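Novice: One file is attached below, work.tsv, containing TSV, C-alpha atoms.
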```
chain	number	residue	atom	x	y	z
Y	1	GLY	CA	20.38	25.54	24.28
Y	2	ARG	CA	16.91	23.97	24.30
Y	3	PRO	CA	15.59	22.90	27.71
Y	4	VAL	CA	15.25	19.16	28.25
Y	5	GLN	CA	12.16	17.92	30.01
Y	6	ASN	CA	11.97	14.62	31.94
Y	7	ALA	CA	15.72	14.28	32.34
Y	8	THR	CA	16.61	12.52	35.58
Y	9	VAL	CA	18.80	14.71	37.79
Y	10	PHE	CA	20.78	13.12	40.65
Y	11	VAL	CA	22.36	15.24	43.42
Y	12	THR	CA	24.83	13.70	45.87
Y	13	TYR	CA	25.94	15.65	48.92
Y	14	GLN	CA	27.35	15.14	52.46
Y	15	ARG	CA	24.74	15.18	55.18
Y	16	ASP	CA	27.44	15.38	57.86
Y	17	SER	CA	30.72	13.69	58.71
Y	18	LEU	CA	28.97	10.92	60.64
Y	19	ARG	CA	26.07	10.04	58.37
Y	20	GLY	CA	28.02	10.31	55.14
Y	21	PHE	CA	26.60	11.11	51.71
Y	22	LYS	CA	23.03	11.15	50.44
Y	23	THR	CA	21.69	11.09	46.86
Y	24	VAL	CA	18.36	12.55	45.85
Y	25	SER	CA	16.77	12.77	42.37
Y	26	GLN	CA	13.91	14.27	40.40
Y	27	LEU	CA	12.84	14.90	36.82
Y	28	SER	CA	13.43	18.17	35.08
Y	29	ASP	CA	10.37	20.28	34.24
Y	30	ALA	CA	9.32	21.84	30.93
Y	31	LEU	CA	12.00	24.52	31.42
Y	32	GLY	CA	14.64	21.91	32.05
Y	33	MET	CA	14.82	22.87	35.73
Y	34	ALA	CA	15.24	20.64	38.79
Y	35	SER	CA	15.42	22.25	42.25
Y	36	PHE	CA	16.90	20.68	45.39
Y	37	THR	CA	17.26	21.76	48.99
Y	38	ILE	CA	20.28	20.25	50.72
Y	39	GLU	CA	21.41	20.64	54.33
Y	40	ASN	CA	24.77	19.92	55.98
Y	41	VAL	CA	25.19	20.31	59.72
Y	42	GLU	CA	28.61	20.03	61.40
Y	43	ILE	CA	29.69	21.04	64.87
Y	44	VAL	CA	33.04	22.13	63.53
Y	45	GLU	CA	32.60	24.26	60.42
Y	46	GLY	CA	35.93	23.20	59.00
Y	47	GLU	CA	34.69	19.66	58.66
Y	48	VAL	CA	31.84	20.66	56.30
Y	49	ASP	CA	32.24	19.18	52.80
Y	50	LYS	CA	30.64	21.67	50.41
Y	51	THR	CA	31.17	19.47	47.33
Y	52	VAL	CA	27.98	18.47	45.48
Y	53	THR	CA	28.00	15.98	42.60
Y	54	ILE	CA	25.31	16.46	39.97
Y	55	ARG	CA	24.55	13.76	37.37
Y	56	VAL	CA	22.01	14.07	34.58
Y	57	LEU	CA	20.65	11.09	32.67
Y	58	TYR	CA	18.36	11.28	29.63
Y	59	GLY	CA	17.72	7.98	27.94
Y	60	TYR	CA	21.12	6.38	27.74
Y	61	LYS	CA	22.95	9.71	27.50
Y	62	GLY	CA	24.35	11.29	30.66
Y	63	SER	CA	26.53	14.09	32.01
Y	64	MET	CA	28.13	14.85	35.39
Y	65	ARG	CA	29.45	17.94	37.16
Y	66	GLU	CA	30.87	18.65	40.61
Y	67	ILE	CA	30.48	22.03	42.32
Y	68	GLU	CA	31.11	23.52	45.75
Y	69	VAL	CA	28.15	25.22	47.29
Y	70	TYR	CA	29.00	28.29	49.41
Y	71	GLN	CA	25.76	30.18	49.30
Y	72	HIS	CA	22.03	29.84	48.92
Y	73	PRO	CA	20.63	29.73	46.33
Y	74	SER	CA	23.20	28.19	44.00
Y	75	SER	CA	22.52	27.24	40.40
Y	76	ILE	CA	24.34	25.41	37.67
Y	77	MET	CA	23.63	24.71	34.00
Y	78	ILE	CA	24.46	21.27	32.66
Y	79	GLN	CA	24.33	20.53	28.95
Y	80	ILE	CA	23.69	17.17	27.28
Y	81	GLU	CA	24.31	16.71	23.58
Y	82	LEU	CA	20.85	15.87	22.32
Y	83	TYR	CA	19.13	16.46	19.00
Y	84	LEU	CA	15.52	16.52	17.92
Y	85	LEU	CA	14.31	13.45	16.06
Y	86	LYS	CA	10.93	14.11	14.50
Y	87	VAL	CA	9.03	11.02	13.36
Y	88	LYS	CA	6.02	11.35	11.07
Y	89	VAL	CA	3.68	8.35	10.73
Y	90	THR	CA	1.41	8.24	7.64
Y	91	ASP	CA	-0.33	5.83	5.29
Y	92	GLN	CA	0.53	5.32	1.64
Y	93	ARG	CA	-1.65	8.32	0.72
Y	94	ARG	CA	0.30	10.50	3.16
Y	95	ALA	CA	-2.66	10.75	5.55
Y	96	PRO	CA	-1.48	11.01	9.20
Y	97	LEU	CA	-1.85	7.99	11.45
Y	98	LEU	CA	-2.15	7.85	15.22
Y	99	GLY	CA	0.73	5.45	15.48
Y	100	ARG	CA	3.19	4.68	18.26
Y	101	ALA	CA	6.95	5.08	18.00
Y	102	THR	CA	9.78	3.91	20.23
Y	103	VAL	CA	13.33	5.24	20.15
Y	104	GLY	CA	15.75	3.84	22.70
Y	105	ASN	CA	14.06	3.91	26.10
Y	106	PHE	CA	11.37	6.38	25.05
Y	107	THR	CA	7.94	5.71	23.57
Y	108	GLY	CA	5.71	8.39	22.11
Y	109	TYR	CA	2.35	8.58	20.37
Y	110	ALA	CA	1.75	10.51	17.18
Y	111	ASN	CA	-0.56	13.51	17.34
Y	112	ALA	CA	-3.36	14.33	14.90
Y	113	ASN	CA	-0.74	15.31	12.33
Y	114	GLY	CA	1.04	11.98	12.71
Y	115	ASP	CA	4.03	13.63	14.44
Y	116	VAL	CA	5.98	12.48	17.49
Y	117	THR	CA	9.28	14.07	18.58
Y	118	PHE	CA	12.20	12.66	20.55
Y	119	ARG	CA	15.44	14.07	21.92
Y	120	VAL	CA	18.24	11.67	21.14
Y	121	PRO	CA	22.03	11.73	21.44
Y	122	PRO	CA	24.16	11.59	18.29
Y	123	GLY	CA	24.94	8.21	16.77
Y	124	ASP	CA	23.08	5.19	15.51
Y	125	THR	CA	19.63	4.41	16.83
Y	126	THR	CA	16.48	2.58	15.76
Y	127	ILE	CA	12.90	3.74	15.33
Y	128	ILE	CA	10.23	1.10	15.97
Y	129	ALA	CA	6.83	2.26	14.76
Y	130	ASP	CA	3.54	0.45	15.33
Y	131	PHE	CA	0.12	1.00	13.81
Y	132	SER	CA	-2.80	-1.42	13.94
Y	133	ASN	CA	-1.43	-4.87	13.00
Y	134	GLY	CA	1.71	-3.45	11.35
Y	135	GLN	CA	5.19	-2.67	12.61
Y	136	GLN	CA	8.17	-1.07	10.93
Y	137	VAL	CA	11.76	-0.96	12.14
Y	138	SER	CA	13.90	1.85	10.75
Y	139	PRO	CA	17.61	2.23	11.61
Y	140	ILE	CA	18.83	5.81	11.54
Y	141	THR	CA	22.04	7.75	12.20
Y	142	VAL	CA	21.62	11.01	14.12
Y	143	LYS	CA	24.15	13.78	13.48
Y	144	GLY	CA	21.89	16.72	14.21
Y	145	ASP	CA	18.19	17.54	14.22
Y	146	THR	CA	16.62	14.85	12.02
Y	147	SER	CA	13.24	13.97	10.51
Y	148	GLU	CA	12.11	10.49	9.51
Y	149	ASP	CA	8.92	9.41	7.71
Y	150	ILE	CA	7.34	6.05	8.52
Y	151	ILE	CA	4.79	4.93	5.93
Y	152	PHE	CA	2.29	2.10	6.43
Y	153	SER	CA	0.21	0.53	3.66
Y	154	VAL	CA	-3.27	0.76	5.18
Y	155	TYR	CA	-6.48	-0.69	3.70
Y	156	ASN	CA	-10.15	-0.89	4.62
Y	157	PRO	CA	-11.26	-4.18	3.03
Y	158	ILE	CA	-14.92	-5.07	2.56
Y	159	VAL	CA	-15.81	-8.76	2.34
Y	160	LYS	CA	-19.09	-9.94	0.82
Y	161	LEU	CA	-20.39	-13.44	1.54
Y	162	MET	CA	-22.49	-15.17	-1.12
Y	163	ASP	CA	-23.81	-18.65	-1.79
Y	164	ASP	CA	-23.21	-20.46	-5.08
Y	165	THR	CA	-26.39	-18.97	-6.57
Y	166	GLY	CA	-25.14	-15.43	-6.00
Y	167	GLU	CA	-27.39	-14.65	-3.02
Y	168	PRO	CA	-25.88	-12.83	0.00
Y	169	VAL	CA	-25.61	-14.81	3.22
Y	170	LYS	CA	-24.99	-13.79	6.80
Y	171	GLY	CA	-21.98	-15.08	8.68
Y	172	TYR	CA	-18.69	-14.14	10.27
Y	173	VAL	CA	-15.36	-13.14	8.78
Y	174	THR	CA	-12.04	-13.36	10.62
Y	175	LEU	CA	-8.95	-11.34	9.72
Y	176	LEU	CA	-6.02	-11.99	12.08
Y	177	ASP	CA	-7.52	-11.45	15.54
Y	178	ARG	CA	-10.49	-9.42	14.31
Y	179	ILE	CA	-13.95	-10.86	13.79
Y	180	GLU	CA	-16.66	-8.97	11.89
Y	181	GLU	CA	-20.26	-10.08	11.40
Y	182	ALA	CA	-21.67	-9.99	7.88
Y	183	ASP	CA	-24.98	-8.08	7.67
Y	184	GLU	CA	-28.13	-8.89	5.70
Y	185	GLN	CA	-26.32	-7.92	2.49
Y	186	GLY	CA	-23.51	-10.32	3.37
Y	187	MET	CA	-21.10	-7.43	4.00
Y	188	ALA	CA	-18.33	-7.46	6.63
Y	189	LYS	CA	-16.17	-4.34	6.87
Y	190	PHE	CA	-12.67	-4.01	8.28
Y	191	LYS	CA	-10.77	-0.80	9.02
Y	192	ASP	CA	-7.10	0.12	9.22
Y	193	TYR	CA	-5.61	-3.18	8.16
Y	194	VAL	CA	-1.91	-3.00	7.32
Y	195	GLY	CA	-1.36	-5.06	4.17
Y	196	PRO	CA	-0.91	-5.60	1.36
Y	197	THR	CA	-1.81	-9.32	1.66
Y	198	ALA	CA	-4.76	-10.48	3.75
Y	199	VAL	CA	-6.15	-13.93	4.56
Y	200	PHE	CA	-9.87	-14.02	5.39
Y	201	THR	CA	-11.67	-16.94	7.01
Y	202	ALA	CA	-15.44	-16.87	6.55
Y	203	GLN	CA	-18.13	-19.04	8.15
Y	204	SER	CA	-21.81	-19.30	7.31
Y	205	LYS	CA	-24.43	-21.94	8.05
Y	206	GLY	CA	-21.82	-24.50	9.04
Y	207	PHE	CA	-19.70	-23.91	5.93
Y	208	LYS	CA	-16.16	-22.54	6.15
Y	209	GLN	CA	-14.10	-20.90	3.45
Y	210	THR	CA	-10.65	-19.26	3.37
Y	211	ALA	CA	-9.60	-16.64	0.85
Y	212	ARG	CA	-6.28	-14.84	0.29
Y	213	ALA	CA	-6.44	-11.37	-1.25
Y	214	ASP	CA	-3.90	-8.90	-2.63
Y	215	LEU	CA	-5.35	-5.61	-1.42
Y	216	THR	CA	-3.25	-3.60	-3.87
Y	217	GLU	CA	-5.52	-5.01	-6.59
Y	218	GLY	CA	-8.76	-4.09	-4.80
Y	219	THR	CA	-10.37	-4.00	-1.38
Y	220	ASN	CA	-13.75	-5.50	-2.33
Y	221	ILE	CA	-13.52	-9.25	-1.79
Y	222	ILE	CA	-16.22	-11.82	-2.55
Y	223	ILE	CA	-16.20	-15.15	-0.74
Y	224	PHE	CA	-18.77	-17.66	-1.96
Y	225	PHE	CA	-19.93	-20.85	-0.32
Y	226	ASP	CA	-20.91	-23.96	-2.23
Y	227	MET	CA	-24.10	-24.68	-0.29
Y	228	HIS	CA	-26.05	-26.69	-2.86
Y	229	PRO	CA	-25.47	-30.32	-3.87
Y	230	PRO	CA	-24.68	-31.35	-7.43
Y	231	GLU	CA	-27.63	-31.85	-9.78
Y	232	ILE	CA	-28.09	-35.31	-11.31
Y	233	SER	CA	-30.27	-35.66	-14.41
Y	234	ASN	CA	-30.76	-37.43	-17.77
Y	235	ILE	CA	-29.88	-40.91	-16.53
Y	236	ILE	CA	-29.69	-43.43	-19.37
Y	237	VAL	CA	-29.11	-47.19	-19.06
Y	238	GLU	CA	-27.87	-49.15	-22.10
Y	239	ARG	CA	-27.35	-52.87	-22.46
Y	240	LEU	CA	-23.93	-53.70	-23.94
Y	241	GLY	CA	-24.00	-57.29	-25.15
Y	242	ASP	CA	-25.01	-60.17	-22.88
Y	243	ARG	CA	-22.88	-59.20	-19.90
Y	244	TYR	CA	-22.47	-55.45	-19.52
Y	245	ALA	CA	-24.65	-52.37	-19.16
Y	246	ARG	CA	-23.71	-48.72	-19.27
Y	247	VAL	CA	-25.14	-46.04	-16.96
Y	248	ARG	CA	-24.80	-42.44	-18.08
Y	249	ALA	CA	-25.89	-39.32	-16.21
Y	250	MET	CA	-25.50	-35.57	-16.42
Y	251	VAL	CA	-23.95	-34.25	-13.20
Y	252	ALA	CA	-23.32	-30.54	-12.71
Y	253	GLU	CA	-22.85	-27.94	-10.00
Y	254	PRO	CA	-25.71	-25.41	-9.93
Y	255	GLY	CA	-25.49	-21.67	-9.58
Y	256	ILE	CA	-23.43	-18.91	-11.14
Y	257	TYR	CA	-20.33	-20.15	-9.33
Y	258	GLY	CA	-20.78	-23.72	-10.53
Y	259	SER	CA	-18.84	-24.47	-13.70
Y	260	GLY	CA	-20.12	-28.01	-13.90
Y	261	MET	CA	-16.56	-29.32	-14.27
Y	262	GLY	CA	-13.72	-29.82	-11.85
Y	263	GLU	CA	-15.81	-29.17	-8.73
Y	264	LEU	CA	-16.90	-32.74	-8.07
Y	265	SER	CA	-14.86	-34.91	-5.78
Y	266	ASP	CA	-16.65	-38.18	-6.50
Y	267	VAL	CA	-19.37	-39.59	-8.79
Y	268	TYR	CA	-20.27	-43.29	-8.57
Y	269	VAL	CA	-23.13	-45.74	-8.94
Y	270	ASP	CA	-24.28	-48.56	-6.68
Y	271	TYR	CA	-26.24	-51.27	-8.48
Y	272	VAL	CA	-28.02	-54.60	-8.06
Y	273	SER	CA	-28.73	-56.78	-11.09
Y	274	GLY	CA	-29.95	-60.30	-10.45
Y	275	SER	CA	-27.38	-61.95	-8.21
Y	276	ARG	CA	-24.75	-59.35	-9.01
Y	277	HIS	CA	-24.15	-56.09	-7.21
Y	278	GLY	CA	-21.37	-53.60	-6.76
Y	279	ARG	CA	-20.13	-50.04	-6.92
Y	280	GLU	CA	-18.46	-48.43	-9.91
Y	281	THR	CA	-16.85	-45.03	-10.26
Y	282	MET	CA	-18.40	-42.89	-12.98
Y	283	TYR	CA	-15.90	-41.02	-15.16
Y	284	MET	CA	-16.58	-37.88	-17.14
Y	285	ASP	CA	-16.97	-38.73	-20.81
Y	286	SER	CA	-17.85	-35.22	-22.01
Y	287	ASN	CA	-18.95	-31.94	-20.51
Y	288	SER	CA	-20.95	-32.84	-17.37
Y	289	ILE	CA	-21.69	-36.38	-18.69
Y	290	TYR	CA	-20.48	-39.19	-16.43
Y	291	GLU	CA	-20.70	-42.89	-17.19
Y	292	ALA	CA	-19.79	-46.28	-15.80
Y	293	GLU	CA	-19.88	-49.83	-17.16
Y	294	LEU	CA	-21.56	-52.45	-14.97
Y	295	ASP	CA	-21.11	-56.22	-14.98
Y	296	VAL	CA	-24.75	-57.32	-14.93
Y	297	GLY	CA	-24.46	-60.75	-16.59
Y	298	LEU	CA	-27.67	-62.15	-18.06
Y	299	ALA	CA	-29.99	-60.39	-15.63
Y	300	ASP	CA	-33.04	-58.73	-17.16
Y	301	SER	CA	-33.33	-55.86	-14.67
Y	302	LEU	CA	-31.12	-53.33	-12.92
Y	303	SER	CA	-31.60	-51.17	-9.83
Y	304	TYR	CA	-29.17	-48.33	-9.29
Y	305	ILE	CA	-28.39	-45.27	-7.21
Y	306	VAL	CA	-26.18	-42.57	-8.74
Y	307	TYR	CA	-24.25	-40.51	-6.17
Y	308	ALA	CA	-22.45	-37.20	-6.64
Y	309	ILE	CA	-20.33	-35.37	-4.06
Y	310	ASP	CA	-18.81	-31.94	-4.64
Y	311	ASN	CA	-15.63	-30.48	-3.18
Y	312	ALA	CA	-17.60	-28.75	-0.42
Y	313	GLY	CA	-18.97	-32.11	0.78
Y	314	ASN	CA	-22.52	-31.60	-0.54
Y	315	ARG	CA	-24.08	-34.91	-1.60
Y	316	ASN	CA	-26.90	-35.84	-3.91
Y	317	SER	CA	-28.26	-39.16	-5.18
Y	318	VAL	CA	-30.87	-40.37	-7.64
Y	319	ALA	CA	-32.26	-43.92	-7.57
Y	320	GLY	CA	-33.92	-45.79	-10.41
Y	321	SER	CA	-34.42	-49.12	-12.12
Y	322	ALA	CA	-34.40	-50.39	-15.67
Y	323	VAL	CA	-35.43	-53.47	-17.67
Y	324	LEU	CA	-32.49	-54.91	-19.55
Y	325	VAL	CA	-32.79	-56.59	-22.94
Y	326	ILE	CA	-30.03	-58.88	-24.20
Y	327	LEU	CA	-29.09	-57.35	-27.50
Y	328	ASP	CA	-26.65	-59.89	-28.97
Y	329	THR	CA	-25.98	-63.26	-27.36
Y	330	ASN	CA	-22.85	-63.74	-29.45
Y	331	THR	CA	-21.12	-60.79	-27.81
Y	332	THR	CA	-19.08	-61.73	-24.77
Y	333	GLY	CA	-16.81	-58.67	-24.37
Y	334	PRO	CA	-17.62	-55.41	-22.69
Y	335	GLY	CA	-19.11	-52.48	-24.54
Y	336	THR	CA	-17.08	-49.44	-25.45
Y	337	ILE	CA	-16.86	-46.34	-23.24
Y	338	GLY	CA	-15.54	-43.21	-24.87
Y	339	ASP	CA	-12.38	-41.51	-23.71
Y	340	ASN	CA	-12.08	-38.14	-21.97
Y	341	SER	CA	-12.05	-36.32	-25.28
Y	342	GLY	CA	-15.79	-36.80	-25.56
Y	343	GLY	CA	-16.02	-39.87	-27.84
Y	344	VAL	CA	-18.91	-42.16	-26.96
Y	345	GLY	CA	-19.04	-45.87	-27.84
Y	346	LEU	CA	-21.92	-46.85	-30.19
Y	347	PRO	CA	-24.57	-49.23	-28.89
Y	348	LEU	CA	-24.61	-52.69	-30.45
Y	349	PRO	CA	-27.15	-53.30	-33.27
Y	350	ILE	CA	-29.89	-55.94	-33.00
Y	351	VAL	CA	-32.25	-57.48	-35.57
Y	352	LEU	CA	-35.99	-57.21	-35.07
Y	353	GLY	CA	-38.22	-58.72	-37.75
Y	354	GLY	CA	-35.43	-58.57	-40.32
Y	355	VAL	CA	-34.79	-54.87	-39.66
Y	356	VAL	CA	-31.50	-53.75	-38.18
Y	357	VAL	CA	-31.99	-51.11	-35.48
Y	358	LEU	CA	-29.65	-49.61	-32.89
Y	359	ALA	CA	-29.76	-50.74	-29.31
Y	360	ALA	CA	-30.91	-47.27	-28.35
Y	361	VAL	CA	-34.03	-47.82	-30.48
Y	362	ALA	CA	-34.50	-51.25	-29.00
Y	363	ILE	CA	-34.19	-49.75	-25.57
Y	364	GLY	CA	-36.75	-47.17	-26.55
Y	365	ALA	CA	-39.13	-50.03	-27.36
Y	366	TYR	CA	-38.35	-52.39	-24.49
Y	367	LEU	CA	-36.64	-50.40	-21.78
Y	368	TYR	CA	-38.25	-48.16	-19.29
Y	369	LEU	CA	-36.59	-46.15	-16.56
Y	370	THR	CA	-37.97	-44.95	-13.29
Y	371	ARG	CA	-36.08	-42.41	-11.33
Y	372	GLU	CA	-36.79	-40.97	-7.96
Y	373	LYS	CA	-34.94	-38.36	-6.00
Y	374	ALA	CA	-33.07	-39.81	-3.05
Y	375	GLN	CA	-33.27	-38.11	0.25
Y	376	LEU	CA	-30.05	-36.22	1.28
```
In structure tokens, how does this file's structure come out?

Specialist:
Amino acid sequence: GRPVQNATVFVTYQRDSLRGFKTVSQLSDALGMASFTIENVEIVEGEVDKTVTIRVLYGYKGSMREIEVYQHPSSIMIQIELYLLKVKVTDQRRAPLLGRATVGNFTGYANANGDVTFRVPPGDTTIIADFSNGQQVSPITVKGDTSEDIIFSVYNPIVKLMDDTGEPVKGYVTLLDRIEEADEQGMAKFKDYVGPTAVFTAQSKGFKQTARADLTEGTNIIIFFDMHPPEISNIIVERLGDRYARVRAMVAEPGIYGSGMGELSDVYVDYVSGSRHGRETMYMDSNSIYEAELDVGLADSLSYIVYAIDNAGNRNSVAGSAVLVILDTNTTGPGTIGDNSGGVGLPLPIVLGGVVVLAAVAIGAYLYLTREKAQL
């Protein structure tokens, strides 16, 4: 017996025997009322058709009645089998959300309590609820007045941008179609994101980084940029017999986010020694120590540039030169380079004045190195 508002009411009646029938319509008001004024004029009263057809349509549910109008005013009550479907939209903490819901042909917006109510006919229907970037589809069977809760997992993630030394940097963070600017503290804040998984794309000073986060584990996300090149230090050149020389260098990523291992994409050395020149890849022999073996022949000097490139594309190089001393003319094979487990080949011994000393000592006496920082 509840009044139905916004039902479409159609009234069909005979205007007269010559002009035939006419249909007019209007929406019912808050009391479920729709009022019409109809007029039929005939010269001969017996030819007046007093039959009026009334059809009511609400959503996809309708009803029809026919009556004969003999007096003014005339009224009729038409019932449609409709039930209340109350939809409540909340987040995972049961806080109300100003979401949107669609049932059949009707769309409503939740109030401050997260509630939106529909009148629906009995049977199967579907609730489509939208909030922010999320949507939920909930099938439901209506047999009477029904309530349905729609729950969205909503998060307010905060993204902090930092460089590899731990200092905050300004920039921009994108989440779906939203872009937030990071402030002086490197903070970018998002609101009402429907998760639980989020993919952030951050940009700062020409660097770009993407991070995926599970917001159920926390909404404070740190994205760091590798903005500094690798550090190259402690370069040592050793003569290995009469043909080869070994170049060793410590190469590491700086900053609190630099482990020194696994973050370098390439380490190599370019060299010129007498008439020979080339490029050799330097392999990690132990923690942060990279080395390469160079075919220098009988040359007594070596010029080199050690390059290091990290996974972010930052490059660094150090150039230097060394005097080479032939340690043992009877040695024709290459020296030994240790394996990845950290073993290092021993330098070949030489004899000076009847005293056996290691090549490293000989190098200390005869070899000098000059290194200079290359421009990036």

Novice: Excluding stretch 243-247 of chain Y and residues on its chain fewer than 5 positions from it, collect all residues at most 6 Å away from it, counting all atoms listed in the file, and give them as a list in words.

Specialist: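 After dropping sequence-adjacent residues, the list is Ile236, Val237, Glu238, Glu291, Ala292, Glu293, Leu294, Asp295, Val296, Gly297, Leu298 and Pro334 of chain Y.
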
Novice: Could you make a table, as a Markdown table, of the residues of stretch 293-328 of chain Y that have an atom within 12 Å of an atom of stretch 208-218 of chain Y, each with its nearest atom pair and distance in Å to one decimal, counting only C-alpha atoms, in chain and number order?

Specialist:
```
| residue | atom | partner | partner_atom | distance |
| --- | --- | --- | --- | --- |
| Y:Asn311 | CA | Y:Gln209 | CA | 11.8 |
| Y:Ala312 | CA | Y:Lys208 | CA | 9.2 |
| Y:Gly313 | CA | Y:Lys208 | CA | 11.3 |
```

Novice: The residues within 8 Å of (-32.6, -55.6, -19.4), using only C-alpha atoms and the coordinates of the file, should be reported as a list of chain:residue names; which are they?

Specialist: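 Here is the list of nearby residues: Y:Arg239, Y:Ala299, Y:Asp300, Y:Ser301, Y:Leu302, Y:Ala322, Y:Val323, Y:Leu324, Y:Val325, Y:Ile326, Y:Leu367.
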
Novice: Per residue of stretch 82-122 of chain Y within 12 Å of stretch 56-64 of chain Y, record the nearest atom pair and its distance in Å to one decimal, counting all atoms listed in the file, with rows in chain order and ascending residue number, as CSV.

Specialist:
```
residue,atom,partner,partner_atom,distance
Y:Leu82,CA,Y:Lys61,CA,8.3
Y:Tyr83,CA,Y:Lys61,CA,11.5
Y:Thr102,CA,Y:Gly59,CA,11.8
Y:Val103,CA,Y:Gly59,CA,9.4
Y:Gly104,CA,Y:Gly59,CA,7.0
Y:Asn105,CA,Y:Gly59,CA,5.8
Y:Phe106,CA,Y:Gly59,CA,7.2
Y:Thr107,CA,Y:Gly59,CA,10.9
Y:Phe118,CA,Y:Gly59,CA,10.3
Y:Arg119,CA,Y:Tyr58,CA,8.7
Y:Val120,CA,Y:Gly59,CA,7.8
Y:Pro121,CA,Y:Lys61,CA,6.5
Y:Pro122,CA,Y:Lys61,CA,9.5
```

Novice: Give me, as an MDAnalysis selection string, all polymer residues having an atom no more than 10 Å from Y:Leu97, counting all atoms listed in the file and skipping those fewer than 6 positions away in the same chain.

Specialist: chainID Y and resid 88:91 109:115 131:132 150:152 154 192

Novice: Check the smallest atom-to-atom distance from each of Y:Val267, Y:Ala101, Y:Val9, Y:Ile235 to Y:Ser321 using all atoms listed in the file, then report the winner.

Specialist: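 Between Y:Val267, Y:Ala101, Y:Val9, Y:Ile235, the residue approaching Y:Ser321 most closely is Y:Ile235.
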